[in-house]
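See below for entry_22.pdb, which holds PDB, C-alpha atoms.
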ATOM      1  CA  MET A   1       0.000   0.000   0.000
ATOM      2  CA  CYS A   2       2.888   2.331   0.794
ATOM      3  CA  ILE A   3       4.478   1.747  -2.632
ATOM      4  CA  LYS A   4       1.103   2.049  -4.335
ATOM      5  CA  TYR A   5       0.198   5.445  -2.916
ATOM      6  CA  LEU A   6       3.759   6.754  -3.064
ATOM      7  CA  LEU A   7       3.881   6.046  -6.803
ATOM      8  CA  CYS A   8       0.391   7.455  -7.223
ATOM      9  CA  LEU A   9       1.251  10.714  -5.434
ATOM     10  CA  PHE A  10       4.581  11.095  -7.226
ATOM     11  CA  ASN A  11       3.072  10.625 -10.671
ATOM     12  CA  LEU A  12      -0.006  12.695  -9.878
ATOM     13  CA  ILE A  13       2.321  15.681  -9.685
ATOM     14  CA  PHE A  14       3.786  14.784 -13.105
ATOM     15  CA  PHE A  15       0.290  14.178 -14.490
ATOM     16  CA  LEU A  16      -0.987  17.604 -13.390
ATOM     17  CA  ALA A  17       2.198  19.349 -14.506
ATOM     18  CA  GLY A  18       1.987  17.696 -17.931
ATOM     19  CA  ALA A  19      -1.675  18.623 -18.238
ATOM     20  CA  ALA A  20      -0.875  22.249 -17.353
ATOM     21  CA  VAL A  21       1.978  22.468 -19.879
ATOM     22  CA  LEU A  22      -0.166  20.786 -22.544
ATOM     23  CA  ALA A  23      -3.046  23.187 -21.860
ATOM     24  CA  VAL A  24      -0.766  26.228 -22.141
ATOM     25  CA  GLY A  25       0.676  24.903 -25.402
ATOM     26  CA  ILE A  26      -2.789  24.354 -26.882
ATOM     27  CA  TRP A  27      -3.912  27.788 -25.683
ATOM     28  CA  LEU A  28      -0.941  29.467 -27.354
ATOM     29  CA  SER A  29      -1.499  27.574 -30.603
ATOM     30  CA  VAL A  30      -5.187  28.558 -30.902
ATOM     31  CA  ASP A  31      -5.211  31.994 -29.244
ATOM     32  CA  LYS A  32      -2.010  33.985 -29.781
ATOM     33  CA  THR A  33      -3.801  37.319 -29.283
ATOM     34  CA  SER A  34      -4.542  36.733 -25.596
ATOM     35  CA  PHE A  35      -0.918  35.893 -24.842
ATOM     36  CA  THR A  36       0.237  39.025 -26.663
ATOM     37  CA  MET A  37      -2.187  41.145 -24.628
ATOM     38  CA  LEU A  38      -0.948  39.615 -21.365
ATOM     39  CA  THR A  39       2.695  40.278 -22.205
ATOM     40  CA  ASN A  40       1.839  43.857 -23.165
ATOM     41  CA  LEU A  41       0.196  44.378 -19.767
ATOM     42  CA  SER A  42       3.261  43.026 -17.970
ATOM     43  CA  GLN A  43       5.932  45.448 -16.756
ATOM     44  CA  ASP A  44       8.650  42.953 -17.667
ATOM     45  CA  ASP A  45      10.097  44.220 -20.951
ATOM     46  CA  SER A  46      11.869  40.927 -21.605
ATOM     47  CA  LEU A  47       8.518  39.287 -22.427
ATOM     48  CA  ALA A  48       8.057  41.540 -25.448
ATOM     49  CA  GLN A  49      10.479  39.458 -27.513
ATOM     50  CA  PHE A  50       8.061  36.499 -27.341
ATOM     51  CA  ASN A  51       5.171  38.429 -28.910
ATOM     52  CA  ASP A  52       5.984  37.553 -32.501
ATOM     53  CA  PRO A  53       3.411  35.074 -33.911
ATOM     54  CA  SER A  54       6.102  32.737 -35.296
ATOM     55  CA  VAL A  55       7.864  32.580 -31.911
ATOM     56  CA  ILE A  56       4.563  31.925 -30.116
ATOM     57  CA  GLU A  57       3.621  29.193 -32.594
ATOM     58  CA  GLN A  58       6.980  27.409 -32.347
ATOM     59  CA  GLY A  59       6.948  27.696 -28.566
ATOM     60  CA  ALA A  60       3.423  26.263 -28.508
ATOM     61  CA  TYR A  61       4.516  23.167 -30.455
ATOM     62  CA  ILE A  62       7.406  22.602 -28.053
ATOM     63  CA  LEU A  63       5.103  22.935 -25.040
ATOM     64  CA  ILE A  64       2.527  20.572 -26.569
ATOM     65  CA  ALA A  65       5.158  17.896 -27.244
ATOM     66  CA  ALA A  66       6.745  18.209 -23.791
ATOM     67  CA  GLY A  67       3.390  18.396 -22.017
ATOM     68  CA  ALA A  68       2.032  15.344 -23.858
ATOM     69  CA  LEU A  69       5.093  13.273 -22.920
ATOM     70  CA  ILE A  70       4.935  14.266 -19.240
ATOM     71  CA  PHE A  71       1.150  13.756 -19.247
ATOM     72  CA  ILE A  72       1.430  10.202 -20.621
ATOM     73  CA  ILE A  73       4.190   9.231 -18.184
ATOM     74  CA  GLY A  74       2.259  10.640 -15.229
ATOM     75  CA  PHE A  75      -0.956   8.967 -16.383
ATOM     76  CA  LEU A  76       0.654   5.535 -16.691
ATOM     77  CA  GLY A  77       2.317   5.789 -13.288
ATOM     78  CA  CYS A  78      -0.609   7.297 -11.401
ATOM     79  CA  CYS A  79      -3.442   5.220 -12.878
ATOM     80  CA  GLY A  80      -1.319   2.081 -13.039
ATOM     81  CA  SER A  81      -0.536   2.197  -9.321
ATOM     82  CA  LEU A  82      -4.021   3.325  -8.271
ATOM     83  CA  LYS A  83      -5.819   0.694 -10.376
ATOM     84  CA  GLU A  84      -3.068  -1.882  -9.767
ATOM     85  CA  SER A  85      -2.802  -2.469 -13.500
ATOM     86  CA  ARG A  86       0.208  -4.631 -14.309
ATOM     87  CA  LEU A  87       0.113  -3.490 -17.937
ATOM     88  CA  MET A  88       0.310   0.212 -17.084
ATOM     89  CA  LEU A  89       2.872  -0.350 -14.357
ATOM     90  CA  GLY A  90       4.964  -2.501 -16.662
ATOM     91  CA  LEU A  91       4.876   0.131 -19.403
ATOM     92  CA  TYR A  92       5.685   2.858 -16.913
ATOM     93  CA  GLY A  93       8.527   0.925 -15.284
ATOM     94  CA  GLY A  94       9.943  -0.103 -18.641
ATOM     95  CA  LEU A  95       9.818   3.486 -19.893
ATOM     96  CA  MET A  96      11.566   4.764 -16.764
ATOM     97  CA  LEU A  97      14.205   2.054 -17.048
ATOM     98  CA  ILE A  98      14.844   2.881 -20.717
ATOM     99  CA  VAL A  99      15.219   6.579 -19.906
ATOM    100  CA  PHE A 100      17.580   5.688 -17.024
ATOM    101  CA  LEU A 101      19.760   3.486 -19.258
ATOM    102  CA  MET A 102      19.836   6.163 -21.960
ATOM    103  CA  PHE A 103      20.816   8.717 -19.321
ATOM    104  CA  ILE A 104      23.670   6.501 -18.069
ATOM    105  CA  ALA A 105      24.797   5.720 -21.617
ATOM    106  CA  ALA A 106      24.840   9.420 -22.499
ATOM    107  CA  ALA A 107      26.888  10.219 -19.386
ATOM    108  CA  ILE A 108      29.417   7.488 -20.230
ATOM    109  CA  LEU A 109      29.697   8.567 -23.875
ATOM    110  CA  VAL A 110      30.150  12.220 -22.914
ATOM    111  CA  THR A 111      32.902  11.231 -20.464
ATOM    112  CA  VAL A 112      34.713   8.831 -22.790
ATOM    113  CA  TYR A 113      34.366  10.956 -25.921
ATOM    114  CA  LYS A 114      34.770  14.318 -24.218
ATOM    115  CA  HIS A 115      36.623  16.069 -27.024
ATOM    116  CA  GLU A 116      34.290  14.699 -29.707
ATOM    117  CA  THR A 117      31.298  15.843 -27.635
ATOM    118  CA  GLU A 118      32.735  19.328 -27.293
ATOM    119  CA  ARG A 119      33.342  19.572 -31.040
ATOM    120  CA  GLY A 120      29.861  18.240 -31.767
ATOM    121  CA  LEU A 121      28.224  20.738 -29.407
ATOM    122  CA  LYS A 122      30.195  23.622 -30.890
ATOM    123  CA  SER A 123      29.269  22.506 -34.424
ATOM    124  CA  PHE A 124      25.607  22.239 -33.454
ATOM    125  CA  LEU A 125      25.569  25.745 -31.974
ATOM    126  CA  LYS A 126      27.218  27.087 -35.118
ATOM    127  CA  PHE A 127      24.695  25.222 -37.290
ATOM    128  CA  THR A 128      21.718  26.839 -35.509
ATOM    129  CA  ILE A 129      23.196  30.271 -36.216
ATOM    130  CA  ASP A 130      23.934  29.466 -39.860
ATOM    131  CA  LYS A 131      20.473  28.090 -40.619
ATOM    132  CA  TRP A 132      18.053  29.794 -38.241
ATOM    133  CA  TYR A 133      19.408  32.984 -36.666
ATOM    134  CA  SER A 134      17.611  36.035 -38.046
ATOM    135  CA  THR A 135      17.115  39.734 -37.317
ATOM    136  CA  LYS A 136      14.834  41.032 -34.568
ATOM    137  CA  ASP A 137      12.136  42.050 -37.072
ATOM    138  CA  LYS A 138      11.970  38.449 -38.367
ATOM    139  CA  PRO A 139      12.391  36.428 -35.178
ATOM    140  CA  ASN A 140      11.967  32.734 -34.538
ATOM    141  CA  THR A 141      12.518  30.544 -31.487
ATOM    142  CA  ILE A 142      16.214  30.017 -32.281
ATOM    143  CA  THR A 143      16.791  33.755 -32.700
ATOM    144  CA  VAL A 144      15.070  34.604 -29.428
ATOM    145  CA  SER A 145      16.978  31.849 -27.596
ATOM    146  CA  TRP A 146      20.313  33.050 -28.954
ATOM    147  CA  ASN A 147      19.564  36.674 -28.063
ATOM    148  CA  VAL A 148      18.662  35.739 -24.491
ATOM    149  CA  ALA A 149      21.769  33.550 -24.158
ATOM    150  CA  MET A 150      24.130  36.186 -25.549
ATOM    151  CA  ALA A 151      22.659  38.946 -23.389
ATOM    152  CA  GLN A 152      22.706  36.847 -20.209
ATOM    153  CA  LEU A 153      26.116  35.209 -20.723
ATOM    154  CA  SER A 154      27.821  38.283 -22.225
ATOM    155  CA  CYS A 155      28.981  36.473 -25.346
ATOM    156  CA  CYS A 156      28.608  36.591 -29.120
ATOM    157  CA  GLY A 157      28.011  33.617 -31.411
ATOM    158  CA  ALA A 158      29.203  30.090 -30.824
ATOM    159  CA  ASN A 159      32.892  30.949 -31.325
ATOM    160  CA  ASN A 160      32.823  34.747 -31.811
ATOM    161  CA  TYR A 161      31.175  37.414 -33.952
ATOM    162  CA  THR A 162      32.491  35.905 -37.202
ATOM    163  CA  ASP A 163      29.858  33.143 -36.899
ATOM    164  CA  PHE A 164      27.242  35.627 -38.087
ATOM    165  CA  ARG A 165      29.008  36.122 -41.411
ATOM    166  CA  THR A 166      27.572  32.770 -42.518
ATOM    167  CA  ALA A 167      24.132  33.213 -40.907
ATOM    168  CA  GLU A 168      21.897  32.968 -43.976
ATOM    169  CA  LYS A 169      18.746  34.604 -42.594
ATOM    170  CA  TRP A 170      20.608  37.303 -40.658
ATOM    171  CA  THR A 171      22.917  38.392 -43.478
ATOM    172  CA  ALA A 172      19.970  38.533 -45.880
ATOM    173  CA  SER A 173      17.961  41.000 -43.754
ATOM    174  CA  ARG A 174      20.464  42.896 -41.572
ATOM    175  CA  PRO A 175      21.023  46.643 -42.117
ATOM    176  CA  ALA A 176      23.970  47.519 -44.326
ATOM    177  CA  GLY A 177      27.247  47.699 -42.427
ATOM    178  CA  GLN A 178      26.035  45.868 -39.309
ATOM    179  CA  LEU A 179      28.612  43.322 -38.124
ATOM    180  CA  VAL A 180      27.078  41.963 -34.906
ATOM    181  CA  PRO A 181      23.561  41.554 -33.475
ATOM    182  CA  ALA A 182      22.548  43.999 -30.758
ATOM    183  CA  ALA A 183      22.613  41.189 -28.164
ATOM    184  CA  CYS A 184      26.404  40.952 -28.621
ATOM    185  CA  CYS A 185      26.839  44.534 -27.382
ATOM    186  CA  GLN A 186      27.039  45.904 -23.882
ATOM    187  CA  LEU A 187      23.398  46.784 -23.293
ATOM    188  CA  GLN A 188      21.554  49.466 -21.406
ATOM    189  CA  ILE A 189      18.154  49.210 -19.760
ATOM    190  CA  SER A 190      15.421  50.582 -21.993
ATOM    191  CA  SER A 191      11.645  50.512 -21.711
ATOM    192  CA  SER A 192      11.209  50.307 -25.481
ATOM    193  CA  ASN A 193      14.039  47.978 -26.532
ATOM    194  CA  MET A 194      15.669  45.426 -24.236
ATOM    195  CA  TYR A 195      18.555  44.990 -26.694
ATOM    196  CA  GLU A 196      19.664  48.619 -26.921
ATOM    197  CA  PRO A 197      23.473  48.992 -27.085
ATOM    198  CA  ARG A 198      25.143  51.494 -24.782
ATOM    199  CA  ASP A 199      27.326  52.530 -27.703
ATOM    200  CA  PRO A 200      25.342  52.941 -30.943
ATOM    201  CA  GLU A 201      28.520  52.285 -32.955
ATOM    202  CA  CYS A 202      28.778  48.798 -31.495
ATOM    203  CA  LEU A 203      26.653  47.337 -34.292
ATOM    204  CA  THR A 204      29.008  48.506 -37.035
ATOM    205  CA  LYS A 205      32.279  48.924 -35.104
ATOM    206  CA  PRO A 206      32.356  46.323 -32.300
ATOM    207  CA  SER A 207      35.291  46.445 -29.910
ATOM    208  CA  ALA A 208      36.299  45.003 -26.552
ATOM    209  CA  GLY A 209      35.106  48.219 -24.933
ATOM    210  CA  ASN A 210      31.540  48.245 -26.247
ATOM    211  CA  SER A 211      30.748  44.566 -26.885
ATOM    212  CA  PHE A 212      31.600  40.925 -26.242
ATOM    213  CA  TYR A 213      32.269  40.255 -29.912
ATOM    214  CA  LEU A 214      35.330  38.051 -29.303
ATOM    215  CA  VAL A 215      33.754  35.970 -26.503
ATOM    216  CA  GLY A 216      32.137  32.779 -27.809
ATOM    217  CA  CYS A 217      29.002  31.491 -26.099
ATOM    218  CA  TYR A 218      30.360  27.945 -26.175
ATOM    219  CA  HIS A 219      33.251  28.982 -23.940
ATOM    220  CA  ALA A 220      30.906  31.042 -21.751
ATOM    221  CA  ILE A 221      28.615  28.030 -21.286
ATOM    222  CA  LYS A 222      31.607  25.802 -20.552
ATOM    223  CA  ARG A 223      32.956  28.280 -18.009
ATOM    224  CA  HIS A 224      29.550  28.557 -16.349
ATOM    225  CA  ALA A 225      29.258  24.756 -16.218
ATOM    226  CA  VAL A 226      32.716  24.410 -14.623
ATOM    227  CA  GLU A 227      31.839  27.013 -11.995
ATOM    228  CA  ASN A 228      28.672  25.095 -11.092
ATOM    229  CA  VAL A 229      29.956  21.557 -11.690
ATOM    230  CA  ASN A 230      29.032  20.322  -8.192
ATOM    231  CA  ILE A 231      25.430  21.477  -8.584
ATOM    232  CA  PHE A 232      25.273  19.932 -12.053
ATOM    233  CA  ILE A 233      26.649  16.568 -10.885
ATOM    234  CA  GLY A 234      24.303  16.556  -7.889
ATOM    235  CA  ALA A 235      21.300  17.277 -10.099
ATOM    236  CA  CYS A 236      22.285  14.493 -12.532
ATOM    237  CA  VAL A 237      22.764  11.971  -9.712
ATOM    238  CA  ALA A 238      19.430  12.936  -8.147
ATOM    239  CA  PHE A 239      17.651  12.651 -11.496
ATOM    240  CA  GLY A 240      19.195   9.265 -12.277
ATOM    241  CA  ALA A 241      18.416   7.948  -8.785
ATOM    242  CA  MET A 242      14.812   9.112  -9.094
ATOM    243  CA  LEU A 243      14.379   7.301 -12.415
ATOM    244  CA  LEU A 244      15.853   4.076 -11.027
ATOM    245  CA  ILE A 245      13.855   4.180  -7.797
ATOM    246  CA  VAL A 246      10.473   4.712  -9.461
ATOM    247  CA  ALA A 247      11.263   1.978 -12.013
ATOM    248  CA  ILE A 248      12.134  -0.470  -9.211
ATOM    249  CA  LEU A 249       9.028   0.503  -7.220
ATOM    250  CA  SER A 250       6.765  -0.027 -10.224
ATOM    251  CA  PHE A 251       8.236  -3.489 -10.888
ATOM    252  CA  CYS A 252       7.964  -4.371  -7.181
ATOM    253  CA  LEU A 253       4.310  -3.386  -7.184
ATOM    254  CA  CYS A 254       3.742  -5.529 -10.297
ATOM    255  CA  LYS A 255       5.345  -8.494  -8.525
ATOM    256  CA  MET A 256       3.246  -7.961  -5.396
ATOM    257  CA  ILE A 257       0.082  -7.884  -7.479
ATOM    258  CA  ASP A 258       1.119 -11.196  -9.107
ATOM    259  CA  LEU A 259       1.783 -12.812  -5.719
ATOM    260  CA  ARG A 260      -1.547 -11.662  -4.331
ATOM    261  CA  GLU A 261      -3.463 -12.988  -7.352
ATOM    262  CA  ASP A 262      -1.614 -16.327  -7.093
ATOM    263  CA  LYS A 263      -2.700 -16.667  -3.455
ATOM    264  CA  TRP A 264      -6.276 -15.998  -4.409
TER     265      TRP A 264
END

Would you write out, as structure tokens, the structure that this file holds?
Amino acid sequence: MCIKYLLCLFNLIFFLAGAAVLAVGIWLSVDKTSFTMLTNLSQDDSLAQFNDPSVIEQGAYILIAAGALIFIIGFLGCCGSLKESRLMLGLYGGLMLIVFLMFIAAAILVTVYKHETERGLKSFLKFTIDKWYSTKDKPNTITVSWNVAMAQLSCCGANNYTDFRTAEKWTASRPAGQLVPAACCQLQISSSNMYEPRDPECLTKPSAGNSFYLVGCYHAIKRHAVENVNIFIGACVAFGAMLLIVAILSFCLCKMIDLREDKW
């Protein structure tokens, strides 16, 4: 009974969270106007960058996919334990075990092939800039994500500002003479534009004094990860342990149900 209700409570949280994320995703996909009105009423200027219809639509699809996955996992675990369904519990336990093994395999591969992983991550970041990064008047989810990352981490591009020379969408629509996006510059707080450079010449004449044009975001992310490595390792261990524990509990409950039915 303890295992049954512990699994039920644990997955009820996932079930409700998945349902909430799924509902928000569906709401954004069918009613973009309401979200835009809410962000306009907010005093947080950083929300304005998410008002573009294409960004809202892409974000909605991501939320729907993530919410549906969490919803299904929570449903299998919660209803399987509450109804004592061996099928649901087996599916849930098997899914958790697969995710745990994939998590362990990924950790081993990243450790063994550290240099290859670093090169692959850097290439992937560069690829997203080349294929998807655009100007602020033609934003998409990748563009918004890169702008937030560069502004928060004080960096520019995956390697440095030269990455934007091969950005297809950005080079096709940028103003003449602009060398770096505004997010690469040292910014000032503005009520009308959250990416307003302190030095207007930064866009056409970036330097170490007015921008971060030589600081790659890959190195900034790596530095940030090294500074918080203990927190990162602890979070990974806790996540892996959680996956293994719930998988074991679900299989134990399946076995107990079998033993009880055999006695009957």

Taking all atoms of range 138-149 of chain A that appear in the file, build a box with edges along x, y and z, extend it by 3 Å on every side, and state its centre and edge lengths in Å to one decimal, as AutoDock Vina command-line options.
--center_x 16.9 --center_y 34.2 --center_z -31.3 --size_x 15.8 --size_y 14.4 --size_z 20.2

Let me know the residues the PyMOL selection byres ((chain A and resi 208) around 12) catches in the file above, as a list in words.
-> Ser154, Cys155, Cys156, Tyr161, Cys184, Cys185, Gln186, Asp199, Cys202, Lys205, Pro206, Ser207, Gly209, Asn210, Ser211, Phe212, Tyr213, Leu214 and Val215 of chain A

Could you list the residues chosen by the PyMOL selection byres ((chain A and resi 9) around 12) in this structure as a VMD selection string?
-> chain A and resid 2 to 8 10 to 16 74 to 75 77 to 82 246

Would you write out those residues with C-alpha atoms, as an mmCIF file, keeping the file's coordinate frame?
data_model
loop_
_atom_site.group_PDB
_atom_site.id
_atom_site.type_symbol
_atom_site.label_atom_id
_atom_site.label_comp_id
_atom_site.auth_asym_id
_atom_site.auth_seq_id
_atom_site.Cartn_x
_atom_site.Cartn_y
_atom_site.Cartn_z
ATOM 1 C CA CYS A 2 2.888 2.331 0.794
ATOM 2 C CA ILE A 3 4.478 1.747 -2.632
ATOM 3 C CA LYS A 4 1.103 2.049 -4.335
ATOM 4 C CA TYR A 5 0.198 5.445 -2.916
ATOM 5 C CA LEU A 6 3.759 6.754 -3.064
ATOM 6 C CA LEU A 7 3.881 6.046 -6.803
ATOM 7 C CA CYS A 8 0.391 7.455 -7.223
ATOM 8 C CA PHE A 10 4.581 11.095 -7.226
ATOM 9 C CA ASN A 11 3.072 10.625 -10.671
ATOM 10 C CA LEU A 12 -0.006 12.695 -9.878
ATOM 11 C CA ILE A 13 2.321 15.681 -9.685
ATOM 12 C CA PHE A 14 3.786 14.784 -13.105
ATOM 13 C CA PHE A 15 0.290 14.178 -14.490
ATOM 14 C CA LEU A 16 -0.987 17.604 -13.390
ATOM 15 C CA GLY A 74 2.259 10.640 -15.229
ATOM 16 C CA PHE A 75 -0.956 8.967 -16.383
ATOM 17 C CA GLY A 77 2.317 5.789 -13.288
ATOM 18 C CA CYS A 78 -0.609 7.297 -11.401
ATOM 19 C CA CYS A 79 -3.442 5.220 -12.878
ATOM 20 C CA GLY A 80 -1.319 2.081 -13.039
ATOM 21 C CA SER A 81 -0.536 2.197 -9.321
ATOM 22 C CA LEU A 82 -4.021 3.325 -8.271
ATOM 23 C CA VAL A 246 10.473 4.712 -9.461
#

Can you give me, as a compact mmCIF listing (two decimals) with C-alpha atoms, keeping the file's coordinate frame, the residues this file yields under the PyMOL selection byres ((chain A and resi 162) around 12)?
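Output contents, as saved in selection07.txt:
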# COMPACT_ATOMS: atom_id res chain seq x y z
CA LYS A 126 27.22 27.09 -35.12
CA ILE A 129 23.20 30.27 -36.22
CA ASP A 130 23.93 29.47 -39.86
CA CYS A 156 28.61 36.59 -29.12
CA GLY A 157 28.01 33.62 -31.41
CA ALA A 158 29.20 30.09 -30.82
CA ASN A 159 32.89 30.95 -31.32
CA ASN A 160 32.82 34.75 -31.81
CA TYR A 161 31.18 37.41 -33.95
CA ASP A 163 29.86 33.14 -36.90
CA PHE A 164 27.24 35.63 -38.09
CA ARG A 165 29.01 36.12 -41.41
CA THR A 166 27.57 32.77 -42.52
CA ALA A 167 24.13 33.21 -40.91
CA THR A 171 22.92 38.39 -43.48
CA LEU A 179 28.61 43.32 -38.12
CA VAL A 180 27.08 41.96 -34.91
CA PRO A 181 23.56 41.55 -33.48
CA CYS A 184 26.40 40.95 -28.62
CA PRO A 206 32.36 46.32 -32.30
CA TYR A 213 32.27 40.26 -29.91
CA LEU A 214 35.33 38.05 -29.30
CA VAL A 215 33.75 35.97 -26.50
CA GLY A 216 32.14 32.78 -27.81

Would you please work out which residue, of A:Ile245, A:Ala65, A:Leu203, A:Ile233, is nearest to Ala176 in chain A when using only C-alpha atoms?
-> A:Leu203

Quick one: of A:Glu168, A:Ala183, A:Val99, A:Met150, who's nearest to Trp132 in chain A, counting all atoms listed in the file?
-> A:Glu168

Proximity to Asp258 in chain A - best of A:Ala172, A:Ala20, A:Leu87, A:Ile64, only C-alpha atoms =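 Of the candidates, the smallest distance to Asp258 in chain A is held by A:Leu87.
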
What is the distance, in Å and to one decimal place, between CA of Leu243 in chain A and CA of Leu97 in chain A?
->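 Distance reported for this atom pair: 7.0 Å.
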
From the list A:Val110, A:Phe100, A:Tyr195, A:Gly59, which residue is nearest Met242 in chain A when using all atoms listed in the file?
->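 Of A:Val110, A:Phe100, A:Tyr195, A:Gly59, the one nearest Met242 in chain A, counting all atoms listed in the file, is A:Phe100.
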
Rounded to one decimal in Å, what is the spacing between CA of Gly18 in chain A and CA of Gly93 in chain A?
-> 18.2 Å

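Remark: for Lys169 in chain A, the closest of the candidate residues A:Glu201, A:Thr135, A:Leu187, A:Thr141 is A:Thr135 (distances computed over only C-alpha atoms).
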